[in-house]
Each structure stands twice: as structure tokens, then as C-alpha cells.
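Trainee: Below is the file data28.tsv, which contains TSV, C-alpha atoms.
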```tsv
chain	number	residue	atom	x	y	z
B	1	MET	CA	28.22	64.92	45.58
B	2	ALA	CA	24.70	64.57	44.20
B	3	VAL	CA	24.51	63.30	40.63
B	4	VAL	CA	22.01	65.31	38.66
B	5	SER	CA	20.52	64.18	35.40
B	6	SER	CA	19.29	66.85	33.09
B	7	PRO	CA	15.53	67.20	32.61
B	8	ALA	CA	15.96	68.17	28.96
B	9	ALA	CA	17.82	64.99	28.03
B	10	ALA	CA	14.80	62.93	28.94
B	11	ASN	CA	12.81	64.77	26.24
B	12	MET	CA	15.31	64.67	23.38
B	13	PRO	CA	13.65	63.46	20.16
B	14	GLU	CA	15.47	60.96	17.96
B	15	GLY	CA	17.98	63.03	15.98
B	16	ASN	CA	18.61	62.82	12.22
B	17	SER	CA	22.23	63.62	11.41
B	18	GLU	CA	21.67	64.32	7.69
B	19	LEU	CA	18.93	66.84	8.45
B	20	GLY	CA	21.15	68.18	11.24
B	21	MET	CA	23.94	68.98	8.80
B	22	GLN	CA	21.58	71.14	6.77
B	23	LYS	CA	20.03	72.77	9.85
B	24	ALA	CA	23.49	73.57	11.25
B	25	TYR	CA	24.03	76.04	8.42
B	26	THR	CA	24.29	79.08	10.72
B	27	CYS	CA	26.08	77.17	13.49
B	28	GLN	CA	29.12	76.63	11.31
B	29	PHE	CA	30.24	80.26	11.42
B	30	CYS	CA	31.13	79.90	15.10
B	31	HIS	CA	31.41	76.14	15.56
B	32	GLY	CA	32.83	75.04	12.18
B	33	ALA	CA	31.11	72.92	9.51
B	34	THR	CA	32.27	69.76	11.30
B	35	GLY	CA	32.34	71.11	14.83
B	36	ILE	CA	35.92	72.36	15.05
B	37	SER	CA	35.59	75.94	16.16
B	38	PRO	CA	37.69	78.62	14.46
B	39	ARG	CA	37.90	80.49	17.78
B	40	ASP	CA	39.44	79.36	21.09
B	41	ASP	CA	36.68	80.93	23.15
B	42	TYR	CA	33.96	78.98	21.32
B	43	PRO	CA	33.48	75.25	21.97
B	44	ASN	CA	34.42	72.47	19.61
B	45	MET	CA	31.39	70.23	19.13
B	46	ASN	CA	32.72	67.35	17.06
B	47	GLY	CA	32.31	64.09	18.95
B	48	GLN	CA	30.59	65.80	21.87
B	49	ASN	CA	27.78	63.85	23.57
B	50	ALA	CA	24.55	64.48	21.64
B	51	GLU	CA	22.44	64.57	24.80
B	52	TYR	CA	24.73	67.17	26.36
B	53	LEU	CA	24.61	69.30	23.20
B	54	PHE	CA	20.81	69.08	23.20
B	55	ASP	CA	20.69	70.05	26.88
B	56	ALA	CA	23.02	72.99	26.33
B	57	MET	CA	20.84	74.23	23.45
B	58	MET	CA	17.73	73.85	25.60
B	59	ALA	CA	19.45	75.74	28.42
B	60	TYR	CA	20.17	78.62	26.04
B	61	LYS	CA	16.67	78.50	24.56
B	62	GLU	CA	15.05	78.55	28.01
B	63	GLY	CA	17.24	81.42	29.15
B	64	ASN	CA	19.14	79.34	31.72
B	65	ARG	CA	22.44	80.61	30.33
B	66	ASP	CA	22.92	84.35	30.67
B	67	GLY	CA	25.78	86.71	29.76
B	68	ALA	CA	26.82	87.93	26.31
B	69	MET	CA	27.22	84.41	24.93
B	70	GLY	CA	24.01	83.28	26.53
B	71	ARG	CA	22.02	86.05	24.91
B	72	LEU	CA	23.61	85.44	21.49
B	73	MET	CA	22.92	81.70	21.67
B	74	LYS	CA	19.36	82.25	22.92
B	75	GLN	CA	18.77	84.27	19.76
B	76	GLN	CA	20.15	81.44	17.62
B	77	MET	CA	17.96	78.89	19.40
B	78	SER	CA	14.83	81.00	18.98
B	79	VAL	CA	14.45	79.81	15.39
B	80	LEU	CA	14.96	76.13	16.22
B	81	ASN	CA	12.48	73.65	17.64
B	82	THR	CA	13.42	70.59	19.70
B	83	GLN	CA	13.58	68.35	16.62
B	84	ASP	CA	15.95	70.79	14.92
B	85	MET	CA	18.14	70.86	18.03
B	86	ALA	CA	18.14	67.05	18.28
B	87	ASP	CA	19.13	66.79	14.60
B	88	ILE	CA	21.93	69.36	14.96
B	89	ALA	CA	23.17	67.76	18.20
B	90	THR	CA	23.22	64.32	16.54
B	91	TYR	CA	25.07	65.70	13.52
B	92	TYR	CA	27.86	67.32	15.52
B	93	ALA	CA	28.12	64.37	17.92
B	94	GLU	CA	28.79	62.11	14.92
B	95	GLN	CA	31.63	64.25	13.58
B	96	SER	CA	34.96	62.62	14.23
B	97	ARG	CA	37.10	63.93	17.08
K	1	MET	CA	25.10	87.91	13.13
K	2	ALA	CA	27.21	89.79	15.67
K	3	VAL	CA	30.35	87.96	16.81
K	4	VAL	CA	30.72	88.17	20.54
K	5	SER	CA	33.96	87.50	22.37
K	6	SER	CA	33.68	86.38	25.93
K	7	PRO	CA	34.78	88.83	28.64
K	8	ALA	CA	36.12	86.03	30.81
K	9	ALA	CA	38.51	84.75	28.18
K	10	ALA	CA	40.38	88.03	28.26
K	11	ASN	CA	41.18	87.42	31.95
K	12	MET	CA	42.27	83.79	31.80
K	13	PRO	CA	45.57	83.30	33.65
K	14	GLU	CA	48.28	81.11	32.11
K	15	GLY	CA	47.19	77.53	32.87
K	16	ASN	CA	49.43	74.76	34.24
K	17	SER	CA	48.30	71.36	32.98
K	18	GLU	CA	50.15	69.30	35.63
K	19	LEU	CA	48.58	71.27	38.45
K	20	GLY	CA	45.27	71.05	36.56
K	21	MET	CA	45.36	67.26	36.61
K	22	GLN	CA	45.62	67.29	40.40
K	23	LYS	CA	42.99	70.01	40.80
K	24	ALA	CA	40.58	68.11	38.52
K	25	TYR	CA	40.28	65.40	41.18
K	26	THR	CA	36.54	66.00	41.75
K	27	CYS	CA	35.81	66.80	38.10
K	28	GLN	CA	36.66	63.28	37.02
K	29	PHE	CA	33.56	61.71	38.58
K	30	CYS	CA	31.37	63.41	35.97
K	31	HIS	CA	33.84	64.32	33.22
K	32	GLY	CA	36.28	61.39	33.39
K	33	ALA	CA	39.94	61.48	34.41
K	34	THR	CA	40.93	62.41	30.86
K	35	GLY	CA	37.77	64.27	29.90
K	36	ILE	CA	35.71	61.46	28.42
K	37	SER	CA	32.45	61.61	30.31
K	38	PRO	CA	30.85	58.39	31.56
K	39	ARG	CA	27.41	59.92	30.94
K	40	ASP	CA	25.84	61.08	27.66
K	41	ASP	CA	24.21	64.08	29.27
K	42	TYR	CA	27.55	65.40	30.60
K	43	PRO	CA	30.09	66.97	28.24
K	44	ASN	CA	33.32	65.40	27.12
K	45	MET	CA	36.11	67.86	27.75
K	46	ASN	CA	39.16	66.21	26.20
K	47	GLY	CA	40.56	68.40	23.48
K	48	GLN	CA	38.04	71.15	24.11
K	49	ASN	CA	39.27	74.74	23.72
K	50	ALA	CA	40.86	75.83	27.02
K	51	GLU	CA	39.50	79.36	26.75
K	52	TYR	CA	35.98	78.04	26.23
K	53	LEU	CA	36.30	75.70	29.22
K	54	PHE	CA	37.54	78.59	31.36
K	55	ASP	CA	34.63	80.78	30.19
K	56	ALA	CA	32.11	78.04	30.92
K	57	MET	CA	33.50	77.58	34.44
K	58	MET	CA	33.38	81.34	34.99
K	59	ALA	CA	29.78	81.42	33.73
K	60	TYR	CA	28.87	78.75	36.29
K	61	LYS	CA	30.82	80.48	39.06
K	62	GLU	CA	29.17	83.84	38.33
K	63	GLY	CA	25.71	82.27	38.22
K	64	ASN	CA	25.19	82.90	34.51
K	65	ARG	CA	24.15	79.30	34.04
K	66	ASP	CA	21.01	78.32	35.90
K	67	GLY	CA	18.98	75.09	36.13
K	68	ALA	CA	19.84	71.89	37.98
K	69	MET	CA	23.18	71.50	36.24
K	70	GLY	CA	23.97	75.16	36.64
K	71	ARG	CA	23.44	75.01	40.40
K	72	LEU	CA	25.50	71.83	40.76
K	73	MET	CA	28.38	73.27	38.74
K	74	LYS	CA	28.23	76.60	40.60
K	75	GLN	CA	28.77	74.64	43.80
K	76	GLN	CA	31.77	72.89	42.27
K	77	MET	CA	33.25	76.18	41.10
K	78	SER	CA	32.81	77.81	44.50
K	79	VAL	CA	35.97	76.13	45.79
K	80	LEU	CA	38.07	77.07	42.77
K	81	ASN	CA	39.79	80.35	42.00
K	82	THR	CA	40.58	81.61	38.48
K	83	GLN	CA	44.07	80.06	38.52
K	84	ASP	CA	42.58	76.68	39.48
K	85	MET	CA	40.04	76.98	36.65
K	86	ALA	CA	42.76	77.96	34.14
K	87	ASP	CA	44.88	74.98	35.23
K	88	ILE	CA	41.94	72.54	34.95
K	89	ALA	CA	40.86	73.99	31.60
K	90	THR	CA	44.41	73.66	30.26
K	91	TYR	CA	44.67	70.08	31.53
K	92	TYR	CA	41.48	68.89	29.85
K	93	ALA	CA	42.18	70.85	26.65
K	94	GLU	CA	45.48	68.97	26.34
K	95	GLN	CA	43.87	65.54	26.66
K	96	SER	CA	43.78	63.79	23.32
K	97	ARG	CA	40.48	63.67	21.45
```
When written as C-alpha cells, how does the structure in this file appear?

Mentor:
Amino acid sequence: MAVVSSPAAANMPEGNSELGMQKAYTCQFCHGATGISPRDDYPNMNGQNAEYLFDAMMAYKEGNRDGAMGRLMKQQMSVLNTQDMADIATYYAEQSR
Amino acid sequence: MAVVSSPAAANMPEGNSELGMQKAYTCQFCHGATGISPRDDYPNMNGQNAEYLFDAMMAYKEGNRDGAMGRLMKQQMSVLNTQDMADIATYYAEQSR
């Protein structure tokens, strides 16, 4: 099985967790203030790999994830730049599991 | 912000964690035997919400997730049916965080 590394990960800026906490203001309604989702059909993000979170956000932003959730998340990503996403990814990755 | 529930989650069969452990044989190379990924750009899955995991697998299977990772995961999902995915999702969701 081919191992694929994600193109986005290679371009992830250095993330700032403190800024990420502030920028994650709207994320918390679905993913929780510390990444524990209030809903079973939404992902927990606490302790997730920062690079994966960044890639997933980029995938939504670039329209690589379709469907109802994909469209909702693309909308959320539309107001974030790559530094914002790196900060938010770093913040949630640092939240204890 | 509209709250969207995922269509797939409504159709998730009851998952069997023991069967899921066996069926997750190929998943472990990228996601770890207990869901702790050996790579930062792949997601950890231990303790993730089972419904979310099932939805994500369905999104890959149905081609709603594109890009290099999307294509690789679609291939992996092609050999799994919804019961398999529910079992695997339940297995990883039960792994301690």
C-alpha cells in the first residue's frame, strides 16, 4: 500500500497555540472549547495531530471535502488564512486527551 | 451558523469492537493498532467519536473527500461494507485516549 504524505502539511506555518485559542472562538460550538465535541457525529480534536488538523482544514478550504459537512466547514474556513489554521490546529493538538 | 447533522450517522449499524479490531488489520499501518498514528499528518483515532469515524469513512467511500489522501482512503474503503466500517469505528472509539 502506497504511503502518501499530504501536500498541505509541508506548507504548515509555525502555529501559535495562544492565538489559536482566541481564533478558535467559532470552532468551539461544534468542537468544544478544548476539543471535546458535544456531538457524537462531530470529531473530538483534543490531542489530535496538528499537521493532520491543518491538512483537514486545508482540504475543506480547497473544496476537497464535499457533502453537507464539507460545505459547512468550507464556509468556516473561508474566513481563515493558513496562519489562523496553523494556530487553531496547534491549540487543539495541545489540549489534553 | 446552521448546525448540520451527517446523513451517514443516521445509518450507522451497531458496531462490534472485537470484530472491528480484526477488521482494522490494514488500518493499523497508518493509524496504529490502537489508533495512535505513527505519523503527524495522519489522524489519531483512539477515543474519537464512533459516529464521526463512520461518517468520515463513508465520506471517503462515497468520494466526498478528494485529494491524495482522499483517493488513498477511498481505495481502503472499497473493500469494506457499512458493518465493517461500524465495527472498525467502534473499535477505535473504544481505545483509550

Trainee: Between K:Phe29, K:Gly20, K:Ala86, K:Gly15, which is the closest to chain B once you count all atoms listed in the file?

Mentor: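 Checking each candidate against chain B, we get K:Phe29 as the closest.
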
Trainee: Show which residues sit within 8 Å of Asp40 (chain B), as a PyMOL selection string. Count all atoms listed in the file, and ignore same-chain residues fewer than 4 positions away.

Mentor: chain K and resi 49-52

Trainee: Return the single residue from K:Gln75, K:Thr34, K:Leu80, K:Gly67 that is closest to Ser17 (chain K), with distances computed using only C-alpha atoms.

Mentor: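 Ranking K:Gln75, K:Thr34, K:Leu80, K:Gly67 by distance to Ser17 (chain K), first place goes to K:Thr34.
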
Trainee: Dump as a list in words the residues of chain B that approach chain K to within 7 Å, counting all atoms listed in the file.

Mentor: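 The answer, sorted by residue number, is Val4, Ser6, Ala9, Asp40, Asp41, Tyr42, Pro43, Asn44, Gln48, Asn49, Glu51, Tyr52, Asn64, Arg65, Asp66, Gly67, Ala68, Met69 and Arg97 of chain B.
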
Trainee: CA of Ala89 (chain B) and CA of Tyr91 (chain K), how far apart in Å?

Mentor: 25.4 Å

Trainee: What does chain B look like after a least-squares fit onto chain K on every Cα paired in order, written as a PDB file with C-alpha atoms, keeping the file's coordinate frame?

Mentor:
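Final file, part-v2.pdb:
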```pdb
ATOM      1  CA  MET B   1      25.132  87.931  13.129  1.00  0.00           C
ATOM      2  CA  ALA B   2      27.212  89.783  15.710  1.00  0.00           C
ATOM      3  CA  VAL B   3      30.358  87.973  16.814  1.00  0.00           C
ATOM      4  CA  VAL B   4      30.737  88.175  20.554  1.00  0.00           C
ATOM      5  CA  SER B   5      33.958  87.502  22.370  1.00  0.00           C
ATOM      6  CA  SER B   6      33.689  86.395  25.931  1.00  0.00           C
ATOM      7  CA  PRO B   7      34.772  88.836  28.644  1.00  0.00           C
ATOM      8  CA  ALA B   8      36.114  86.021  30.816  1.00  0.00           C
ATOM      9  CA  ALA B   9      38.531  84.743  28.178  1.00  0.00           C
ATOM     10  CA  ALA B  10      40.377  88.026  28.246  1.00  0.00           C
ATOM     11  CA  ASN B  11      41.178  87.427  31.938  1.00  0.00           C
ATOM     12  CA  MET B  12      42.266  83.788  31.806  1.00  0.00           C
ATOM     13  CA  PRO B  13      45.570  83.285  33.654  1.00  0.00           C
ATOM     14  CA  GLU B  14      48.251  81.095  32.099  1.00  0.00           C
ATOM     15  CA  GLY B  15      47.183  77.523  32.878  1.00  0.00           C
ATOM     16  CA  ASN B  16      49.418  74.747  34.248  1.00  0.00           C
ATOM     17  CA  SER B  17      48.287  71.353  32.982  1.00  0.00           C
ATOM     18  CA  GLU B  18      50.152  69.295  35.614  1.00  0.00           C
ATOM     19  CA  LEU B  19      48.579  71.271  38.453  1.00  0.00           C
ATOM     20  CA  GLY B  20      45.277  71.057  36.565  1.00  0.00           C
ATOM     21  CA  MET B  21      45.357  67.266  36.612  1.00  0.00           C
ATOM     22  CA  GLN B  22      45.620  67.293  40.392  1.00  0.00           C
ATOM     23  CA  LYS B  23      42.988  70.022  40.801  1.00  0.00           C
ATOM     24  CA  ALA B  24      40.576  68.128  38.527  1.00  0.00           C
ATOM     25  CA  TYR B  25      40.271  65.414  41.161  1.00  0.00           C
ATOM     26  CA  THR B  26      36.541  65.990  41.757  1.00  0.00           C
ATOM     27  CA  CYS B  27      35.807  66.798  38.105  1.00  0.00           C
ATOM     28  CA  GLN B  28      36.665  63.276  37.034  1.00  0.00           C
ATOM     29  CA  PHE B  29      33.565  61.710  38.577  1.00  0.00           C
ATOM     30  CA  CYS B  30      31.377  63.422  35.980  1.00  0.00           C
ATOM     31  CA  HIS B  31      33.839  64.323  33.231  1.00  0.00           C
ATOM     32  CA  GLY B  32      36.291  61.388  33.381  1.00  0.00           C
ATOM     33  CA  ALA B  33      39.964  61.474  34.421  1.00  0.00           C
ATOM     34  CA  THR B  34      40.932  62.415  30.856  1.00  0.00           C
ATOM     35  CA  GLY B  35      37.783  64.273  29.894  1.00  0.00           C
ATOM     36  CA  ILE B  36      35.709  61.454  28.419  1.00  0.00           C
ATOM     37  CA  SER B  37      32.454  61.610  30.300  1.00  0.00           C
ATOM     38  CA  PRO B  38      30.876  58.387  31.566  1.00  0.00           C
ATOM     39  CA  ARG B  39      27.424  59.894  30.950  1.00  0.00           C
ATOM     40  CA  ASP B  40      25.852  61.056  27.667  1.00  0.00           C
ATOM     41  CA  ASP B  41      24.216  64.067  29.273  1.00  0.00           C
ATOM     42  CA  TYR B  42      27.539  65.389  30.600  1.00  0.00           C
ATOM     43  CA  PRO B  43      30.078  66.973  28.231  1.00  0.00           C
ATOM     44  CA  ASN B  44      33.312  65.403  27.109  1.00  0.00           C
ATOM     45  CA  MET B  45      36.130  67.865  27.765  1.00  0.00           C
ATOM     46  CA  ASN B  46      39.155  66.206  26.201  1.00  0.00           C
ATOM     47  CA  GLY B  47      40.579  68.408  23.465  1.00  0.00           C
ATOM     48  CA  GLN B  48      38.030  71.147  24.106  1.00  0.00           C
ATOM     49  CA  ASN B  49      39.261  74.742  23.722  1.00  0.00           C
ATOM     50  CA  ALA B  50      40.854  75.819  27.017  1.00  0.00           C
ATOM     51  CA  GLU B  51      39.484  79.355  26.759  1.00  0.00           C
ATOM     52  CA  TYR B  52      35.957  78.044  26.232  1.00  0.00           C
ATOM     53  CA  LEU B  53      36.291  75.692  29.215  1.00  0.00           C
ATOM     54  CA  PHE B  54      37.524  78.588  31.355  1.00  0.00           C
ATOM     55  CA  ASP B  55      34.624  80.765  30.195  1.00  0.00           C
ATOM     56  CA  ALA B  56      32.096  78.030  30.911  1.00  0.00           C
ATOM     57  CA  MET B  57      33.508  77.593  34.432  1.00  0.00           C
ATOM     58  CA  MET B  58      33.377  81.350  34.985  1.00  0.00           C
ATOM     59  CA  ALA B  59      29.786  81.409  33.726  1.00  0.00           C
ATOM     60  CA  TYR B  60      28.854  78.751  36.284  1.00  0.00           C
ATOM     61  CA  LYS B  61      30.816  80.475  39.047  1.00  0.00           C
ATOM     62  CA  GLU B  62      29.164  83.834  38.326  1.00  0.00           C
ATOM     63  CA  GLY B  63      25.715  82.276  38.237  1.00  0.00           C
ATOM     64  CA  ASN B  64      25.197  82.914  34.513  1.00  0.00           C
ATOM     65  CA  ARG B  65      24.152  79.294  34.023  1.00  0.00           C
ATOM     66  CA  ASP B  66      21.011  78.327  35.904  1.00  0.00           C
ATOM     67  CA  GLY B  67      18.985  75.098  36.119  1.00  0.00           C
ATOM     68  CA  ALA B  68      19.849  71.896  37.982  1.00  0.00           C
ATOM     69  CA  MET B  69      23.201  71.505  36.231  1.00  0.00           C
ATOM     70  CA  GLY B  70      23.990  75.158  36.650  1.00  0.00           C
ATOM     71  CA  ARG B  71      23.446  75.030  40.384  1.00  0.00           C
ATOM     72  CA  LEU B  72      25.508  71.835  40.759  1.00  0.00           C
ATOM     73  CA  MET B  73      28.395  73.284  38.744  1.00  0.00           C
ATOM     74  CA  LYS B  74      28.234  76.613  40.598  1.00  0.00           C
ATOM     75  CA  GLN B  75      28.782  74.637  43.794  1.00  0.00           C
ATOM     76  CA  GLN B  76      31.798  72.886  42.266  1.00  0.00           C
ATOM     77  CA  MET B  77      33.256  76.199  41.096  1.00  0.00           C
ATOM     78  CA  SER B  78      32.807  77.819  44.501  1.00  0.00           C
ATOM     79  CA  VAL B  79      35.959  76.121  45.779  1.00  0.00           C
ATOM     80  CA  LEU B  80      38.075  77.065  42.758  1.00  0.00           C
ATOM     81  CA  ASN B  81      39.778  80.354  41.985  1.00  0.00           C
ATOM     82  CA  THR B  82      40.570  81.607  38.479  1.00  0.00           C
ATOM     83  CA  GLN B  83      44.050  80.054  38.522  1.00  0.00           C
ATOM     84  CA  ASP B  84      42.576  76.681  39.476  1.00  0.00           C
ATOM     85  CA  MET B  85      40.043  76.968  36.652  1.00  0.00           C
ATOM     86  CA  ALA B  86      42.747  77.959  34.146  1.00  0.00           C
ATOM     87  CA  ASP B  87      44.871  74.975  35.228  1.00  0.00           C
ATOM     88  CA  ILE B  88      41.942  72.538  34.976  1.00  0.00           C
ATOM     89  CA  ALA B  89      40.849  73.984  31.614  1.00  0.00           C
ATOM     90  CA  THR B  90      44.407  73.664  30.263  1.00  0.00           C
ATOM     91  CA  TYR B  91      44.665  70.088  31.525  1.00  0.00           C
ATOM     92  CA  TYR B  92      41.468  68.892  29.866  1.00  0.00           C
ATOM     93  CA  ALA B  93      42.165  70.843  26.667  1.00  0.00           C
ATOM     94  CA  GLU B  94      45.469  68.962  26.351  1.00  0.00           C
ATOM     95  CA  GLN B  95      43.871  65.527  26.656  1.00  0.00           C
ATOM     96  CA  SER B  96      43.766  63.796  23.315  1.00  0.00           C
ATOM     97  CA  ARG B  97      40.474  63.686  21.427  1.00  0.00           C
TER      98      ARG B  97
END
```

Trainee: Quick one: distance from CA of Ile88 (chain B) to CA of His31 (chain K) in Å, one decimal?

Mentor: 22.4 Å

Trainee: Which residue out of B:Tyr25, B:Pro13, B:Gly35, B:Met57 has the minimum interatomic distance to Glu94 (chain B) when only C-alpha atoms are used?

Mentor: B:Gly35

Trainee: Would you mind putting back N, CA, C and O atoms on region 29-40 of chain B, then writing it out as a tab-separated table (two decimals), in the frame of the given file?

Mentor:
```tsv
chain	number	residue	atom	x	y	z
B	29	PHE	N	29.39	79.05	11.40
B	29	PHE	CA	30.24	80.26	11.42
B	29	PHE	C	31.03	80.36	12.71
B	29	PHE	O	32.13	80.89	12.73
B	30	CYS	N	30.43	79.84	13.81
B	30	CYS	CA	31.13	79.90	15.10
B	30	CYS	C	31.67	78.54	15.52
B	30	CYS	O	32.65	78.46	16.26
B	31	HIS	N	31.02	77.46	15.08
B	31	HIS	CA	31.41	76.14	15.56
B	31	HIS	C	32.06	75.28	14.48
B	31	HIS	O	32.42	74.13	14.73
B	32	GLY	N	32.20	75.81	13.27
B	32	GLY	CA	32.83	75.04	12.18
B	32	GLY	C	31.84	74.09	11.53
B	32	GLY	O	30.91	73.60	12.17
B	33	ALA	N	32.03	73.80	10.26
B	33	ALA	CA	31.11	72.92	9.51
B	33	ALA	C	31.10	71.52	10.12
B	33	ALA	O	30.08	70.82	10.09
B	34	THR	N	32.24	71.11	10.70
B	34	THR	CA	32.27	69.76	11.30
B	34	THR	C	32.53	69.84	12.81
B	34	THR	O	32.92	68.86	13.42
B	35	GLY	N	32.29	71.01	13.38
B	35	GLY	CA	32.34	71.11	14.83
B	35	GLY	C	33.67	71.53	15.41
B	35	GLY	O	33.85	71.56	16.62
B	36	ILE	N	34.63	71.86	14.55
B	36	ILE	CA	35.92	72.36	15.05
B	36	ILE	C	35.88	73.88	14.96
B	36	ILE	O	35.87	74.46	13.86
B	37	SER	N	35.82	74.51	16.12
B	37	SER	CA	35.59	75.94	16.16
B	37	SER	C	36.81	76.73	15.68
B	37	SER	O	37.94	76.40	16.03
B	38	PRO	N	36.57	77.77	14.90
B	38	PRO	CA	37.69	78.62	14.46
B	38	PRO	C	38.20	79.55	15.57
B	38	PRO	O	39.22	80.18	15.41
B	39	ARG	N	37.49	79.58	16.70
B	39	ARG	CA	37.90	80.49	17.78
B	39	ARG	C	38.10	79.71	19.07
B	39	ARG	O	37.32	78.82	19.40
B	40	ASP	N	39.12	80.07	19.85
B	40	ASP	CA	39.44	79.36	21.09
B	40	ASP	C	38.40	79.58	22.18
B	40	ASP	O	38.30	78.79	23.11
```
